[in-house]
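With CSV, N, CA and C atoms inside, this is input-v2.csv:
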chain,number,residue,atom,x,y,z
A,1,MET,N,168.1,145.1,46.6
A,1,MET,CA,166.6,145.1,46.7
A,1,MET,C,166.2,143.9,47.6
A,2,THR,N,165.3,144.1,48.5
A,2,THR,CA,164.9,143.1,49.5
A,2,THR,C,163.9,142.1,48.9
A,3,SER,N,163.7,141.0,49.5
A,3,SER,CA,162.8,140.0,49.0
A,3,SER,C,161.3,140.6,49.0
A,4,SER,N,161.0,141.4,50.0
A,4,SER,CA,159.7,142.1,50.0
A,4,SER,C,159.5,143.0,48.8
A,5,GLN,N,160.5,143.7,48.4
A,5,GLN,CA,160.5,144.6,47.3
A,5,GLN,C,160.4,143.9,46.0
A,6,MET,N,161.1,142.8,45.9
A,6,MET,CA,161.0,141.9,44.7
A,6,MET,C,159.7,141.3,44.6
A,7,GLY,N,159.1,140.9,45.7
A,7,GLY,CA,157.7,140.3,45.6
A,7,GLY,C,156.7,141.3,45.2
A,8,LEU,N,156.8,142.5,45.7
A,8,LEU,CA,155.9,143.6,45.4
A,8,LEU,C,156.0,143.9,43.9
A,9,LEU,N,157.2,144.0,43.4
A,9,LEU,CA,157.5,144.3,42.0
A,9,LEU,C,156.9,143.2,41.1
A,10,ALA,N,157.1,141.9,41.5
A,10,ALA,CA,156.6,140.8,40.7
A,10,ALA,C,155.0,140.8,40.7
A,11,GLY,N,154.4,141.1,41.9
A,11,GLY,CA,153.0,141.2,42.0
A,11,GLY,C,152.4,142.3,41.1
A,12,LEU,N,153.1,143.5,41.1
A,12,LEU,CA,152.7,144.6,40.2
A,12,LEU,C,152.7,144.2,38.7
A,13,VAL,N,153.8,143.6,38.3
A,13,VAL,CA,153.9,143.2,36.9
A,13,VAL,C,152.9,142.1,36.6
A,14,LEU,N,152.6,141.2,37.4
A,14,LEU,CA,151.6,140.2,37.2
A,14,LEU,C,150.2,140.8,37.1
A,15,GLY,N,150.0,141.8,38.0
A,15,GLY,CA,148.7,142.5,38.0
A,15,GLY,C,148.5,143.3,36.8
A,16,LEU,N,149.5,143.9,36.3
A,16,LEU,CA,149.4,144.7,35.0
A,16,LEU,C,149.1,143.7,33.8
A,17,ALA,N,149.8,142.6,33.8
A,17,ALA,CA,149.6,141.6,32.8
A,17,ALA,C,148.2,141.1,32.8
A,18,ALA,N,147.7,140.8,33.9
A,18,ALA,CA,146.3,140.4,34.0
A,18,ALA,C,145.3,141.4,33.6
A,19,ALA,N,145.6,142.7,34.1
A,19,ALA,CA,144.6,143.8,33.8
A,19,ALA,C,144.6,144.1,32.3
A,20,PHE,N,145.7,144.2,31.7
A,20,PHE,CA,145.8,144.6,30.3
A,20,PHE,C,145.9,143.5,29.2
A,21,GLY,N,146.3,142.3,29.7
A,21,GLY,CA,146.5,141.3,28.7
A,21,GLY,C,145.6,140.1,28.9
A,22,GLY,N,144.9,140.1,30.0
A,22,GLY,CA,144.0,138.9,30.3
A,22,GLY,C,144.7,137.8,30.9
A,23,PHE,N,144.0,136.7,31.1
A,23,PHE,CA,144.5,135.6,31.8
A,23,PHE,C,145.7,134.9,31.1
A,24,ASP,N,145.7,134.8,29.8
A,24,ASP,CA,146.7,134.2,29.0
A,24,ASP,C,148.1,135.0,29.2
A,25,ALA,N,148.0,136.3,29.2
A,25,ALA,CA,149.2,137.1,29.4
A,25,ALA,C,149.7,136.9,30.8
A,26,PHE,N,148.8,136.8,31.8
A,26,PHE,CA,149.1,136.6,33.2
A,26,PHE,C,149.9,135.3,33.3
A,27,LEU,N,149.5,134.2,32.7
A,27,LEU,CA,150.2,133.0,32.8
A,27,LEU,C,151.5,133.0,32.1
A,28,VAL,N,151.6,133.7,30.9
A,28,VAL,CA,152.9,133.8,30.3
A,28,VAL,C,153.9,134.6,31.1
A,29,VAL,N,153.5,135.7,31.7
A,29,VAL,CA,154.4,136.4,32.6
A,29,VAL,C,154.8,135.6,33.8
A,30,LEU,N,153.8,134.9,34.4
A,30,LEU,CA,154.1,134.1,35.5
A,30,LEU,C,155.2,133.0,35.2
A,31,VAL,N,155.0,132.3,34.1
A,31,VAL,CA,155.9,131.2,33.7
A,31,VAL,C,157.3,131.8,33.4
A,32,LEU,N,157.4,132.8,32.6
A,32,LEU,CA,158.6,133.4,32.3
A,32,LEU,C,159.3,134.1,33.5
A,33,GLY,N,158.6,134.6,34.4
A,33,GLY,CA,159.1,135.2,35.6
A,33,GLY,C,159.7,134.1,36.5
A,34,THR,N,159.1,132.9,36.5
A,34,THR,CA,159.6,131.8,37.3
A,34,THR,C,160.9,131.3,36.7
A,35,VAL,N,160.9,131.2,35.3
A,35,VAL,CA,162.1,130.7,34.6
A,35,VAL,C,163.3,131.7,34.9
A,36,GLY,N,163.0,133.0,34.8
A,36,GLY,CA,164.0,134.0,35.0
A,36,GLY,C,164.5,134.0,36.5
A,37,LEU,N,163.7,133.7,37.4
A,37,LEU,CA,164.1,133.6,38.8
A,37,LEU,C,165.0,132.4,39.0
A,38,LEU,N,164.7,131.3,38.4
A,38,LEU,CA,165.5,130.1,38.5
A,38,LEU,C,166.9,130.3,37.8
A,39,VAL,N,166.9,130.9,36.7
A,39,VAL,CA,168.1,131.1,36.0
A,39,VAL,C,169.0,132.1,36.8
A,40,GLY,N,168.4,133.1,37.3
A,40,GLY,CA,169.1,134.1,38.1
A,40,GLY,C,169.7,133.5,39.4
A,41,ARG,N,168.9,132.7,40.0
A,41,ARG,CA,169.5,132.0,41.2
A,41,ARG,C,170.6,131.0,40.9
A,42,TYR,N,170.5,130.3,39.8
A,42,TYR,CA,171.5,129.4,39.3
A,42,TYR,C,172.8,130.2,39.0
A,43,LEU,N,172.7,131.3,38.3
A,43,LEU,CA,173.9,132.1,38.0
A,43,LEU,C,174.5,132.7,39.2
A,44,ASP,N,173.7,133.1,40.2
A,44,ASP,CA,174.2,133.6,41.5
A,44,ASP,C,174.8,132.5,42.4
A,45,GLY,N,174.6,131.3,42.0
A,45,GLY,CA,175.1,130.2,42.8
A,45,GLY,C,174.2,129.8,44.0
A,46,ARG,N,173.0,130.3,44.0
A,46,ARG,CA,172.1,130.0,45.1
A,46,ARG,C,171.1,128.9,44.8
A,47,LEU,N,171.3,128.2,43.6
A,47,LEU,CA,170.4,127.1,43.2
A,47,LEU,C,171.3,126.0,42.7
A,48,ASP,N,171.2,124.9,43.4
A,48,ASP,CA,171.9,123.7,43.0
A,48,ASP,C,170.9,122.8,42.2
A,49,LEU,N,171.1,122.7,40.9
A,49,LEU,CA,170.2,121.9,40.1
A,49,LEU,C,170.2,120.4,40.5
A,50,ALA,N,171.4,119.9,40.9
A,50,ALA,CA,171.5,118.5,41.3
A,50,ALA,C,170.6,118.2,42.5
A,51,ARG,N,170.6,119.1,43.4
A,51,ARG,CA,169.7,118.9,44.6
A,51,ARG,C,168.3,119.1,44.2
A,52,LEU,N,168.0,120.0,43.3
A,52,LEU,CA,166.6,120.3,42.9
A,52,LEU,C,166.0,119.1,42.3
A,53,ILE,N,166.7,118.4,41.4
A,53,ILE,CA,166.1,117.2,40.8
A,53,ILE,C,166.3,115.9,41.5
A,54,GLY,N,166.9,116.0,42.7
A,54,GLY,CA,167.1,114.9,43.6
A,54,GLY,C,168.3,114.0,43.3
A,55,ARG,N,169.3,114.6,42.7
A,55,ARG,CA,170.5,113.8,42.4
A,55,ARG,C,171.7,114.5,43.0
A,56,ASP,N,172.5,113.6,43.5
A,56,ASP,CA,173.8,114.1,44.1
A,56,ASP,C,174.8,114.2,43.0
A,57,ARG,N,175.9,115.0,43.2
A,57,ARG,CA,176.9,115.2,42.1
A,57,ARG,C,177.5,113.8,41.7
A,58,GLY,N,177.8,113.0,42.7
A,58,GLY,CA,178.4,111.7,42.4
A,58,GLY,C,177.4,110.6,42.1
A,59,ASP,N,176.1,111.0,42.0
A,59,ASP,CA,175.1,110.0,41.8
A,59,ASP,C,174.4,110.2,40.4
A,60,PHE,N,175.0,109.6,39.4
A,60,PHE,CA,174.5,109.9,38.0
A,60,PHE,C,173.2,109.2,37.7
A,61,HIS,N,173.0,108.0,38.3
A,61,HIS,CA,171.8,107.2,37.9
A,61,HIS,C,170.6,107.4,38.9
A,62,GLY,N,170.7,108.3,39.8
A,62,GLY,CA,169.6,108.5,40.7
A,62,GLY,C,169.6,107.6,41.9
A,63,HIS,N,170.6,106.7,42.1
A,63,HIS,CA,170.7,105.9,43.3
A,63,HIS,C,172.1,105.7,43.6
A,64,ARG,N,172.4,105.3,44.8
A,64,ARG,CA,173.7,105.1,45.3
A,64,ARG,C,174.0,103.6,45.4
A,65,ASP,N,175.2,103.3,45.0
A,65,ASP,CA,175.6,101.9,45.0
A,65,ASP,C,176.2,101.6,46.4
A,66,HIS,N,175.6,100.8,47.2
A,66,HIS,CA,176.2,100.4,48.5
A,66,HIS,C,176.8,99.0,48.3
A,67,HIS,N,178.0,98.9,48.6
A,67,HIS,CA,178.7,97.6,48.5
A,67,HIS,C,178.7,97.0,49.9
A,68,VAL,N,178.1,95.8,50.0
A,68,VAL,CA,178.1,95.1,51.2
A,68,VAL,C,179.2,94.1,51.3
A,69,ARG,N,180.0,94.1,52.4
A,69,ARG,CA,181.1,93.2,52.6
A,69,ARG,C,180.9,92.2,53.6

What does this structure look like when you write it as structure tokens?
Amino acid sequence: MTSSQMGLLAGLVLGLAAAFGGFDAFLVVLVLGTVGLLVGRYLDGRLDLARLIGRDRGDFHGHRDHHVR
């Protein structure tokens, strides 16, 4: 499935949620869809959580130690 088809499908689902469930249902579907997308990309190996939160794999505390000699 192409990105355009996925976008169309997501738009249709959000539109149905808004039409039949109101704004609250629209927001729930939007948030859960975003979470599902992020989980799917992580499982596919297309999302690096360390890069997303701004940390490198060897950088546990959020900064790099530079030793000056």

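Atom pair atom N of Asp48 of chain A / atom C of Gly36 of chain A has a distance of 13.2 Å (rounded to one decimal).
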
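Atom pair atom N of Leu30 of chain A / atom CA of Leu14 of chain A has a distance of 6.4 Å (rounded to one decimal).
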
- [ ] Could you please determine the separation between atom CA of Met6 of chain A and atom CA of Phe20 of chain A in Å, to one decimal place?
- [x] 21.1 Å
